[in-house]
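Peer 1: I have a structure I would like to understand better, so I am pasting it below and will then ask my questions one at a time.
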Amino acid sequence: VQLVESGGGLVQAGGSLRLSCAASGSTFSINAMAWYRQAPGNRRELVAAITTAGVITNYADSVKGRFTISRDNAKNTMYLQMNSLKPEDTAVYYCKVGAGPYEYWGQGTQVTVFL
């Protein structure tokens, strides 16, 4: 499974971005998908996760009410709608996919939020 993230960028605080994670390859084996982020000097943290059936299993407390995870199984794509962005949301955002016994990570996309 190959993953390509897009949609990151530079945005002013209070603004919005929509991240996409497009999967290719053995996508039939994909089950859960998730977004993680890692800010400089911090460990990678889970932002949100979603199952194949579209069930949202988890949101980090810091993003609840502002971020929305979704997926389009027909397009093998997962999204992260990020609203009301804050400077502390600045990080590299990664998508992760579970496929059978394996996990796959995307290359990451930078999100920078400025005041």
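Ligands are numbered from 1 in the order shown, chains are lettered A, B, ... in the order of the structure tokens, and residues start at 1 in each chain.
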I'd like the neighbourhood of Gly106 of chain A as a list in words, where a residue qualifies if any of its atoms comes within 7 Å (using only C-alpha atoms), though same-chain residues fewer than 3 positions away should be ignored.

Peer 2: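 Returned residues: Leu3, Val4, Glu5, Tyr94, Cys95 and Lys96 of chain A.
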
Peer 1: Can you write just those residues out, all heavy atoms, as an mmCIF file, in the first residue's frame?

Peer 2:
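Heads up, here's the output in out.cif:
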```
data_model
loop_
_atom_site.group_PDB
_atom_site.id
_atom_site.type_symbol
_atom_site.label_atom_id
_atom_site.label_comp_id
_atom_site.auth_asym_id
_atom_site.auth_seq_id
_atom_site.Cartn_x
_atom_site.Cartn_y
_atom_site.Cartn_z
ATOM 1 N N LEU A 3 0.888 5.498 0.154
ATOM 2 C CA LEU A 3 0.072 6.606 0.642
ATOM 3 C C LEU A 3 0.681 7.929 0.213
ATOM 4 O O LEU A 3 1.896 8.125 0.342
ATOM 5 C CB LEU A 3 -0.023 6.575 2.167
ATOM 6 C CG LEU A 3 -0.572 5.292 2.780
ATOM 7 C CD1 LEU A 3 -0.436 5.327 4.292
ATOM 8 C CD2 LEU A 3 -2.031 5.096 2.392
ATOM 9 N N VAL A 4 -0.155 8.822 -0.260
ATOM 10 C CA VAL A 4 0.303 10.155 -0.641
ATOM 11 C C VAL A 4 -0.590 11.185 0.029
ATOM 12 O O VAL A 4 -1.803 11.205 -0.205
ATOM 13 C CB VAL A 4 0.278 10.347 -2.164
ATOM 14 C CG1 VAL A 4 0.684 11.779 -2.522
ATOM 15 C CG2 VAL A 4 1.184 9.345 -2.847
ATOM 16 N N GLU A 5 0.018 12.009 0.878
ATOM 17 C CA GLU A 5 -0.732 13.064 1.550
ATOM 18 C C GLU A 5 -0.610 14.365 0.764
ATOM 19 O O GLU A 5 0.396 14.610 0.101
ATOM 20 C CB GLU A 5 -0.186 13.298 2.972
ATOM 21 C CG GLU A 5 -0.330 12.117 3.888
ATOM 22 C CD GLU A 5 0.993 11.692 4.478
ATOM 23 O OE1 GLU A 5 2.023 11.964 3.837
ATOM 24 O OE2 GLU A 5 1.000 11.098 5.559
ATOM 25 N N TYR A 94 0.774 13.071 9.303
ATOM 26 C CA TYR A 94 0.997 11.806 8.621
ATOM 27 C C TYR A 94 -0.291 10.992 8.589
ATOM 28 O O TYR A 94 -1.047 10.981 9.564
ATOM 29 C CB TYR A 94 2.039 10.973 9.362
ATOM 30 C CG TYR A 94 3.404 11.590 9.464
ATOM 31 C CD1 TYR A 94 3.731 12.412 10.541
ATOM 32 C CD2 TYR A 94 4.383 11.337 8.503
ATOM 33 C CE1 TYR A 94 4.990 12.972 10.656
ATOM 34 C CE2 TYR A 94 5.642 11.895 8.610
ATOM 35 C CZ TYR A 94 5.932 12.715 9.680
ATOM 36 O OH TYR A 94 7.190 13.267 9.789
ATOM 37 N N CYS A 95 -0.513 10.276 7.509
ATOM 38 C CA CYS A 95 -1.594 9.307 7.519
ATOM 39 C C CYS A 95 -0.993 7.925 7.716
ATOM 40 O O CYS A 95 0.120 7.643 7.294
ATOM 41 C CB CYS A 95 -2.451 9.373 6.262
ATOM 42 S SG CYS A 95 -1.633 8.949 4.731
ATOM 43 N N LYS A 96 -1.754 7.088 8.378
ATOM 44 C CA LYS A 96 -1.359 5.715 8.641
ATOM 45 C C LYS A 96 -2.510 4.802 8.277
ATOM 46 O O LYS A 96 -3.676 5.115 8.547
ATOM 47 C CB LYS A 96 -0.991 5.517 10.114
ATOM 48 C CG LYS A 96 -0.386 4.158 10.415
ATOM 49 C CD LYS A 96 -0.217 3.922 11.895
ATOM 50 C CE LYS A 96 -1.484 3.446 12.536
ATOM 51 N NZ LYS A 96 -1.269 2.993 13.931
#
```

Peer 1: Please provide as a ChimeraX atom specification all residues within 12 Å of segment 19-25 of chain A, with the sequence filter that same-chain residues fewer than 5 positions apart are discarded (counting only C-alpha atoms).

Peer 2: /A:1-9,30-31,33-37,67-83,92-99,104-111

Peer 1: So, with only C-alpha atoms as the atoms that count, which of A:Pro40, A:Arg66, A:Tyr102, A:Ile56 lies closest to Arg18 of chain A?

Peer 2: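 Closest residue, counting only C-alpha atoms: A:Arg66.
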
Peer 1: Write out as a ChimeraX atom specification all residues of segment 6-73 of chain A that DSSP puts in strand (DSSP E) for this structure's backbone.

Peer 2: /A:6,9-12,17-24,30-38,45-50,56-59,67-72

Peer 1: Keeping only N, CA, C and O atoms, write the selected residues as a short mmCIF file (atom, residue, chain, number, x, y, z; two decimals), in the first residue's frame.

Peer 2:
```
data_model
loop_
_atom_site.label_atom_id
_atom_site.label_comp_id
_atom_site.auth_asym_id
_atom_site.auth_seq_id
_atom_site.Cartn_x
_atom_site.Cartn_y
_atom_site.Cartn_z
N SER A 6 -1.62 15.19 0.90
CA SER A 6 -1.60 16.51 0.30
C SER A 6 -2.51 17.43 1.09
O SER A 6 -3.28 16.98 1.93
N GLY A 9 -0.02 23.26 4.32
CA GLY A 9 0.39 24.59 3.90
C GLY A 9 0.49 25.54 5.05
O GLY A 9 0.51 25.14 6.22
N LEU A 10 0.54 26.81 4.70
CA LEU A 10 0.66 27.90 5.66
C LEU A 10 -0.69 28.59 5.78
O LEU A 10 -1.30 28.96 4.76
N VAL A 11 -1.18 28.75 7.00
CA VAL A 11 -2.50 29.34 7.20
C VAL A 11 -2.50 30.20 8.46
O VAL A 11 -1.81 29.89 9.44
N GLN A 12 -3.28 31.24 8.44
CA GLN A 12 -3.39 32.10 9.60
C GLN A 12 -4.29 31.44 10.65
O GLN A 12 -5.21 30.68 10.30
N LEU A 17 -7.87 24.15 6.73
CA LEU A 17 -7.18 23.36 5.72
C LEU A 17 -7.85 22.00 5.64
O LEU A 17 -8.43 21.52 6.63
N ARG A 18 -7.74 21.39 4.49
CA ARG A 18 -8.24 20.03 4.31
C ARG A 18 -7.11 19.15 3.80
O ARG A 18 -6.60 19.38 2.70
N LEU A 19 -6.75 18.18 4.59
CA LEU A 19 -5.72 17.23 4.20
C LEU A 19 -6.35 16.02 3.52
O LEU A 19 -7.46 15.60 3.88
N SER A 20 -5.63 15.46 2.56
CA SER A 20 -6.06 14.25 1.89
C SER A 20 -4.96 13.21 1.97
O SER A 20 -3.77 13.54 1.97
N CYS A 21 -5.37 11.95 2.02
CA CYS A 21 -4.43 10.83 2.01
C CYS A 21 -4.98 9.81 1.02
O CYS A 21 -5.98 9.17 1.29
N ALA A 22 -4.32 9.71 -0.12
CA ALA A 22 -4.75 8.81 -1.17
C ALA A 22 -3.95 7.52 -1.11
O ALA A 22 -2.71 7.55 -1.09
N ALA A 23 -4.65 6.40 -1.07
CA ALA A 23 -4.00 5.10 -1.00
C ALA A 23 -4.05 4.41 -2.35
O ALA A 23 -5.01 4.55 -3.11
N SER A 24 -3.01 3.66 -2.65
CA SER A 24 -2.96 2.87 -3.87
C SER A 24 -2.26 1.54 -3.55
O SER A 24 -1.66 1.38 -2.49
N ILE A 30 -7.11 -2.81 3.27
CA ILE A 30 -7.11 -1.73 4.25
C ILE A 30 -8.28 -1.86 5.22
O ILE A 30 -9.41 -2.13 4.81
N ASN A 31 -8.01 -1.68 6.48
CA ASN A 31 -9.07 -1.62 7.47
C ASN A 31 -9.10 -0.23 8.10
O ASN A 31 -9.68 0.68 7.56
N ALA A 32 -8.41 -0.02 9.17
CA ALA A 32 -8.47 1.28 9.82
C ALA A 32 -7.49 2.26 9.19
O ALA A 32 -6.46 1.88 8.63
N MET A 33 -7.83 3.52 9.26
CA MET A 33 -6.97 4.61 8.78
C MET A 33 -6.92 5.67 9.87
O MET A 33 -7.86 5.81 10.66
N ALA A 34 -5.83 6.40 9.91
CA ALA A 34 -5.69 7.39 10.97
C ALA A 34 -4.78 8.53 10.53
O ALA A 34 -3.95 8.37 9.63
N TRP A 35 -4.95 9.66 11.18
CA TRP A 35 -4.04 10.79 11.03
C TRP A 35 -3.25 10.95 12.32
O TRP A 35 -3.80 10.88 13.42
N TYR A 36 -1.97 11.18 12.16
CA TYR A 36 -1.07 11.50 13.27
C TYR A 36 -0.40 12.83 12.95
O TYR A 36 -0.41 13.29 11.81
N ARG A 37 0.21 13.42 13.97
CA ARG A 37 1.01 14.61 13.74
C ARG A 37 2.21 14.61 14.66
O ARG A 37 2.19 14.00 15.73
N GLN A 38 3.24 15.33 14.22
CA GLN A 38 4.45 15.43 15.02
C GLN A 38 5.01 16.84 14.89
O GLN A 38 5.37 17.27 13.80
N GLU A 45 1.79 11.97 17.65
CA GLU A 45 0.56 11.73 18.39
C GLU A 45 -0.60 11.47 17.45
O GLU A 45 -0.65 11.99 16.33
N LEU A 46 -1.54 10.68 17.93
CA LEU A 46 -2.75 10.39 17.18
C LEU A 46 -3.66 11.61 17.16
O LEU A 46 -3.92 12.21 18.20
N VAL A 47 -4.14 11.94 15.97
CA VAL A 47 -5.09 13.05 15.83
C VAL A 47 -6.51 12.51 15.73
O VAL A 47 -7.41 12.95 16.44
N ALA A 48 -6.72 11.55 14.83
CA ALA A 48 -8.05 10.98 14.64
C ALA A 48 -7.91 9.66 13.89
O ALA A 48 -6.97 9.46 13.14
N ALA A 49 -8.89 8.77 14.11
CA ALA A 49 -8.87 7.47 13.46
C ALA A 49 -10.27 7.11 12.99
O ALA A 49 -11.27 7.53 13.59
N ILE A 50 -10.32 6.29 11.92
CA ILE A 50 -11.60 5.92 11.34
C ILE A 50 -11.49 4.51 10.76
O ILE A 50 -10.45 4.13 10.23
N ILE A 56 -15.87 6.55 13.31
CA ILE A 56 -14.79 7.34 13.87
C ILE A 56 -14.50 6.80 15.27
O ILE A 56 -15.37 6.81 16.14
N THR A 57 -13.29 6.34 15.43
CA THR A 57 -12.98 5.66 16.68
C THR A 57 -12.32 6.56 17.71
O THR A 57 -12.34 6.26 18.89
N ASN A 58 -11.73 7.65 17.27
CA ASN A 58 -10.98 8.43 18.24
C ASN A 58 -10.65 9.81 17.69
O ASN A 58 -10.38 9.96 16.51
N TYR A 59 -10.69 10.81 18.53
CA TYR A 59 -10.15 12.13 18.27
C TYR A 59 -9.28 12.53 19.45
O TYR A 59 -9.65 12.27 20.60
N PHE A 67 -11.64 19.50 14.22
CA PHE A 67 -11.19 18.64 13.13
C PHE A 67 -12.24 17.56 12.86
O PHE A 67 -12.89 17.07 13.80
N THR A 68 -12.36 17.17 11.60
CA THR A 68 -13.27 16.09 11.22
C THR A 68 -12.55 15.14 10.28
O THR A 68 -12.04 15.56 9.25
N ILE A 69 -12.54 13.87 10.65
CA ILE A 69 -11.95 12.83 9.81
C ILE A 69 -13.06 12.17 9.00
O ILE A 69 -14.19 12.00 9.49
N SER A 70 -12.75 11.82 7.76
CA SER A 70 -13.71 11.12 6.91
C SER A 70 -12.93 10.29 5.90
O SER A 70 -11.72 10.45 5.76
N ARG A 71 -13.64 9.42 5.21
CA ARG A 71 -13.01 8.63 4.17
C ARG A 71 -13.99 8.33 3.06
O ARG A 71 -15.20 8.24 3.31
N ASP A 72 -13.45 8.19 1.87
CA ASP A 72 -14.23 7.82 0.69
C ASP A 72 -13.63 6.50 0.20
O ASP A 72 -12.57 6.50 -0.45
#
```

Peer 1: Taking the chain letters and numbering used in this document, name the residues of chain A that DSSP puts in helix (DSSP H, G or I), as a PyMOL selection string.

Peer 2: chain A and resi 27-29+61-63+87-89

Peer 1: Suppose you want the space between atom CA of Leu115 of chain A and atom CA of Ser84 of chain A; what is it in Å?

Peer 2: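 Taking atom CA of Leu115 of chain A and atom CA of Ser84 of chain A, their separation equals 12.0 Å.
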
Peer 1: Using only C-alpha atoms, can you tell me which of A:Ser62, A:Ala39, A:Arg44, A:Val55 comes closest to Ala91 of chain A?

Peer 2: A:Ala39

Peer 1: Grab the atom CA of Glu88 of chain A to atom CA of Val113 of chain A distance for me, in Å with one decimal place.

Peer 2: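 It comes out at 7.6 Å.
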